[in-house]
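A.B. asks: First the structure, then my questions, so here it is.
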Amino acid sequence: MKSTRVFRKFVVVYLLLHLSTALIFLFFASRWISSEMKQQGFLRLEMAARHIRHYFHLSEISIEDPRARSYVIEMGRHLDLRVTLIGNNGIVYADSDSPDADFEDHANRPEIVDAREKGVGKSYRVSGSVAKPLYYLAIGYTEPPVGSANYAEPAGFIRISQHRDDLQRLEKGVLRYLWISGTGLALLSAFFMWRFIQRETKPLDTFSEAARKIAMGQYDTVPLPDDRNDEWRNLSDAFRHMLSELSRREASLIASSNRNEAVLTSMIEGVLAIDSTGVVSLANDAACEMLRIEQSDLLNRKLLEIVRIPALQQAIEETQLRRIFRRVEFETTTDPKKQIAARVSVMDAGVHPGVAIVMHDVTEIRQLESMRRDFVANVSHELKTPLASIKAYAETLKMGALNDPEKSVQFVSQIETQAELLDQQVQDLLTLAKVESGQAIFNIRPLPIDSICRDCVESYRELADKRAVNLTYRAEAEGIVARVDGKELETVVKNLISNALRYTPEKGSVTVSAYREGQTAVIDVTDTGIGIAPEHQPRVFERFYRVDSARSRELGGTGLGLSIVKHLTQSMGGSVHLASQVGKGSQFKVIFPLAK
């Protein structure tokens with residue numbers, strides 16, 4: 001088993017506790033044993049002293065008796081103890097270790113003083129006679145023998161002493177045995193406890209590996225202990241139940257997340273979620289597209305640091321402050337600029353709540369509204385001009401010019417011209433309305449576009465010569481067949497040629513080309529006219545939009561030709577493209593799919 005942190009903690013704590021307990025026990029046991037050994041030593045000395053006293057009593061030997069001296073020497077040698085007989089006056093009458101020595105007065109020795117007062121005296125000191133540390137025990141000796149009336153008054157003292165080294169050798173032997181056996185038992189129990197803890201904590205490794213696999217989402221390969229019949233088994237069963245619940249909930253969360261992601265991804269509305277600190281926590285593709293910001297640059301960053309739009313910032317702050325939803329419309333700062341309508345609402349009920357922002361791209365709606373307003377204004381203006389002219393000429397005739405043959409014919413001719421222009425505008429408007437409403441019926445079939453373009457060019461030959469413009473047709477490939485409506489294609493080409501001739505000055509040129517480009521057929525109308533400035537190019541296909549209104553009316557334009565070209569081309573499955581430079585001319589390319 002690999003050593004784990006928990007295992008090491010168990011072992012270290014147990015060893016410290018175990019060894020500390022063992023050391024404390026051995027320390028106090030040593031003190032107790034030392035004390036007991038000392039007591040046992042004194043007890044041995046007392047027993048020896050009582051034995052000698054008993055012998056003296058039985059033998060009726062006094063301390064001064066010479067027989068006592070020989071007996072003391074014999075007992076000292078036999079017991080390996082020092083035996084001393086001391087009189088009540090402090091005179092040493094016999095000593096087993098130094099029979100012939102001349103001893104000083106022993107009346108004031110601590111053990112003699114205690115024995116005189118208590119009957120038994122004990123002390124430990126360095127002997128003044130032999131200059132060695134000794135244990136001393138003295139008992140009083142009475143004469144006559146026990147039972148006499150004068151027994152309480154000691155006639156002398158029997159003192160037994162022993163070298164400290166003798167007791168210490170015994171004490172050290174006992175303590176050595178105690179420490180060796182205690183330490184051995186402590187280490188043995190520590191070893192068995194280490195093995196026990198190792199066995200009991202072994203499932204921790206298994207559960208750690210299981211937790212790592214769960215963290216990586218590997219629920220099917222999670223190892224769990226099955227060979228136990230204790231709390232680890234209960235934990236293993238609980239772990240399996242947890243795995244089952246986690247797997248089920250994760251699958252549910254993933255399915256829910258996928259559904260939400262699919263919904264958010266498919267939404268055309270932009271959705272942003274901002275937490276209480278202003279950091280973007282969610283942004284769908286539509287929101288990133290509207291704001292022209294990569295999702296990676298938007299997520300986990302503060303929105304107002306990236307999108308600096310005061311109106312949006314004010315709406316967010318007011319929503320967080322007042323806990324209400326706000327509607328705001330703003331324009332993006334990046335090109336192409338878009339008009340965005342946003343609804344800001346509170347996401348939670350915190351002190352400083354997060355907000356959810358739902359954005360709608362209303363650029364096209366606002367453009368359509370603007371176009372509708374412009375259309376109404378332009379229609380009113382365009383119809384008003386010829387009607388005003390007709391009314392003015394009619395009033396002039398009515399006021400007397402009718403009687404002037406020359407003037408009357410001129411005015412009637414002008415009325416006719418304005419009526420034709422008015423009729424042309426109405427017809428163009430009806431055509432546009434019919435195409436846009438989807439009510440127009442197209443007869444789309446494979447047709448050779450070369451012959452149609454050639455016929456259109458020839459129909460404008462006279463007008464081109466009249467205006468001194470070089471009108472040419474160039475077919476770069478014969479037999480180009482496209483899927484078109486012949487009549488509507490003719491309208492498209494004629495409108496483009498008419499527009500080119502109208503804005504090309506004298507000695508200029510207009511070139512019509514038909515060619516194949518990949519899987520498409522291309523009709524190219526290029527002129528060397530006045531050209532169109534870049535700011536006007538996106539709007540030239542709008543109804544009644546004129547780059548130069550005065551010149552357009554002067555040249556007889558209705559302002560609807562290019563709009564008709566665009567709508568008819570798209571209705572037939574094609575597209576129209578413009579390239580132009582001011583003062584150098586314009587190029588209109590109409591592209592249709594080739595017929596199979």
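Simple scheme: letters A, B, ... for chains in structure tokens order, numbers from 1 for residues in each chain, numbers from 1 for ligands in the order shown.
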Name all residues at most 8 Å from segment 385-391 of chain A (count only C-alpha atoms; drop same-chain ones fewer than 6 positions away) and give them as a compact mmCIF listing (two decimals) with N, CA and C atoms, in the first residue's frame.
C.D. replies:
```txt
# COMPACT_ATOMS: atom_id res chain seq x y z
N GLN A 414 -46.67 69.10 -74.54
CA GLN A 414 -46.08 68.98 -73.21
C GLN A 414 -47.00 68.18 -72.28
N ILE A 415 -48.31 68.43 -72.42
CA ILE A 415 -49.25 67.65 -71.60
C ILE A 415 -49.14 66.17 -71.92
N GLN A 418 -45.88 64.74 -70.38
CA GLN A 418 -46.00 64.55 -68.93
C GLN A 418 -46.95 63.39 -68.61
N ALA A 419 -48.00 63.24 -69.43
CA ALA A 419 -48.94 62.14 -69.22
C ALA A 419 -48.25 60.80 -69.46
N LEU A 421 -45.01 60.22 -69.16
CA LEU A 421 -44.11 60.00 -68.02
C LEU A 421 -44.89 59.50 -66.82
N LEU A 422 -46.05 60.12 -66.57
CA LEU A 422 -46.88 59.70 -65.44
C LEU A 422 -47.36 58.26 -65.62
```
A.B. asks: Leaving out segment 317-322 of chain A and any residue of its chain fewer than 2 positions from it, which residues lie within 9 Å of it when counting only C-alpha atoms, given as a ChimeraX atom specification?
C.D. replies: /A:276,312-315,324-326,344-346,351-355
A.B. asks: Within 9 Å of segment 450-462 of chain A, counting only C-alpha atoms, which residues qualify if same-chain residues fewer than 6 places away don't, as a short mmCIF file (atom, residue, chain, number, x, y, z; two decimals) with N, CA and C atoms, in the first residue's frame?
C.D. replies:
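Saved to out_27.cif:
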```
data_model
loop_
_atom_site.label_atom_id
_atom_site.label_comp_id
_atom_site.auth_asym_id
_atom_site.auth_seq_id
_atom_site.Cartn_x
_atom_site.Cartn_y
_atom_site.Cartn_z
N ASN A 470 -21.43 55.42 -78.40
CA ASN A 470 -21.05 54.20 -79.12
C ASN A 470 -21.60 53.00 -78.36
N LEU A 471 -22.68 52.38 -78.89
CA LEU A 471 -23.32 51.23 -78.28
C LEU A 471 -22.89 49.98 -79.02
N THR A 472 -22.23 49.05 -78.31
CA THR A 472 -21.73 47.82 -78.95
C THR A 472 -22.17 46.61 -78.15
N TYR A 473 -22.21 45.49 -78.85
CA TYR A 473 -22.54 44.20 -78.22
C TYR A 473 -21.41 43.23 -78.49
N ARG A 474 -20.97 42.50 -77.44
CA ARG A 474 -19.89 41.55 -77.60
C ARG A 474 -20.30 40.23 -76.93
N ALA A 475 -20.42 39.22 -77.77
CA ALA A 475 -20.74 37.89 -77.26
C ALA A 475 -19.45 37.09 -77.16
N ALA A 477 -19.13 34.10 -75.87
CA ALA A 477 -19.36 32.66 -76.06
C ALA A 477 -20.72 32.47 -76.72
N GLU A 478 -20.75 31.65 -77.74
CA GLU A 478 -22.00 31.40 -78.45
C GLU A 478 -22.78 30.30 -77.75
N GLY A 479 -24.07 30.37 -77.90
CA GLY A 479 -24.94 29.30 -77.39
C GLY A 479 -25.05 29.23 -75.89
N ILE A 480 -25.00 30.37 -75.23
CA ILE A 480 -25.15 30.37 -73.77
C ILE A 480 -26.64 30.28 -73.45
N VAL A 481 -27.02 29.22 -72.74
CA VAL A 481 -28.43 28.97 -72.41
C VAL A 481 -28.60 29.08 -70.90
N GLY A 486 -37.96 34.98 -70.78
CA GLY A 486 -37.47 35.78 -71.89
C GLY A 486 -37.96 37.22 -71.84
N LEU A 489 -36.35 39.02 -68.86
CA LEU A 489 -34.93 39.25 -69.11
C LEU A 489 -34.74 40.42 -70.07
N GLU A 490 -35.60 40.51 -71.06
CA GLU A 490 -35.55 41.63 -72.00
C GLU A 490 -35.78 42.95 -71.26
N THR A 491 -36.71 42.96 -70.30
CA THR A 491 -36.95 44.16 -69.50
C THR A 491 -35.72 44.54 -68.70
N VAL A 493 -32.50 43.81 -69.35
CA VAL A 493 -31.41 44.28 -70.20
C VAL A 493 -31.72 45.67 -70.75
N LYS A 494 -32.95 45.89 -71.15
CA LYS A 494 -33.32 47.20 -71.69
C LYS A 494 -33.19 48.29 -70.63
N ILE A 497 -29.51 49.08 -70.29
CA ILE A 497 -28.99 49.85 -71.43
C ILE A 497 -29.52 51.27 -71.39
N SER A 498 -30.83 51.41 -71.09
CA SER A 498 -31.44 52.74 -71.03
C SER A 498 -30.77 53.59 -69.96
N LEU A 501 -27.22 54.59 -71.21
CA LEU A 501 -27.26 55.65 -72.21
C LEU A 501 -27.63 56.99 -71.58
N VAL A 512 -22.31 46.02 -74.11
CA VAL A 512 -23.09 44.92 -73.56
C VAL A 512 -22.38 43.62 -73.90
N SER A 513 -22.14 42.77 -72.87
CA SER A 513 -21.43 41.50 -73.08
C SER A 513 -22.25 40.37 -72.48
N ALA A 514 -22.15 39.21 -73.13
CA ALA A 514 -22.76 37.99 -72.60
C ALA A 514 -21.69 36.91 -72.62
N TYR A 515 -21.45 36.26 -71.47
CA TYR A 515 -20.41 35.23 -71.42
C TYR A 515 -20.71 34.26 -70.29
N ILE A 523 -24.49 38.63 -67.90
CA ILE A 523 -24.76 39.74 -68.82
C ILE A 523 -24.15 40.98 -68.21
#
```
A.B. asks: Counting only C-alpha atoms, which residue out of A:Ala579, A:Leu79, A:Val409, A:Ala186 sits closest to Leu397 of chain A?
C.D. replies: A:Val409
A.B. asks: If I take atom CA of Ser370 of chain A and atom CA of Val540 of chain A, how far is one from the other in Å, to one decimal?
C.D. replies: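 Computed distance, atom CA of Ser370 of chain A to atom CA of Val540 of chain A, equals 15.0 Å.
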A.B. asks: Would you list the contacts of Leu187 of chain A as a PyMOL selection string, taking every protein, DNA or RNA residue within 10 Å and counting only C-alpha atoms, but skipping same-chain residues closer than 3 positions in sequence?
C.D. replies: chain A and resi 15+18-19+22+181-184+190-193
A.B. asks: Deliver the residues from the most recent selection as a file, using C-alpha atoms, as a compact mmCIF listing (two decimals), in the first residue's frame.
C.D. replies:
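As written to disk, again31.txt reads:
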```
# COMPACT_ATOMS: atom_id res chain seq x y z
CA LEU A 15 3.53 6.11 17.87
CA HIS A 18 2.11 5.06 22.52
CA LEU A 19 5.77 5.84 23.12
CA ALA A 22 5.30 3.95 27.59
CA SER A 181 10.95 -5.45 28.29
CA GLY A 182 8.79 -2.26 28.28
CA THR A 183 10.48 -0.83 25.16
CA GLY A 184 10.28 -4.16 23.39
CA ALA A 190 3.53 -0.36 17.59
CA PHE A 191 4.44 -2.76 14.79
CA PHE A 192 1.18 -4.67 15.12
CA MET A 193 -0.76 -1.42 15.32
```
A.B. asks: Taking only C-alpha atoms into account, which of A:Ile86, A:Ala68, A:Ala287, A:Leu299 comes nearest Ala342 of chain A?
C.D. replies: A:Ala287
A.B. asks: With distances taken over only C-alpha atoms, which residue among A:Val426, A:Ile158, A:Leu85, A:Leu17 lies nearest Gly119 of chain A?
C.D. replies: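 Checking each of A:Val426, A:Ile158, A:Leu85, A:Leu17 against Gly119 of chain A, counting only C-alpha atoms, the winner is A:Ile158.
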A.B. asks: Could you give me, as a ChimeraX atom specification, the residues within 8 Å of Ala283 of chain A, counting only C-alpha atoms and dropping anything in the same chain fewer than 6 positions from it?
C.D. replies: /A:270-273,295,298-299
A.B. asks: As a ChimeraX atom specification, which residues of segment 315-390 of chain A does DSSP assign to strand (DSSP E)?
C.D. replies: /A:326-331,339-346,355-361
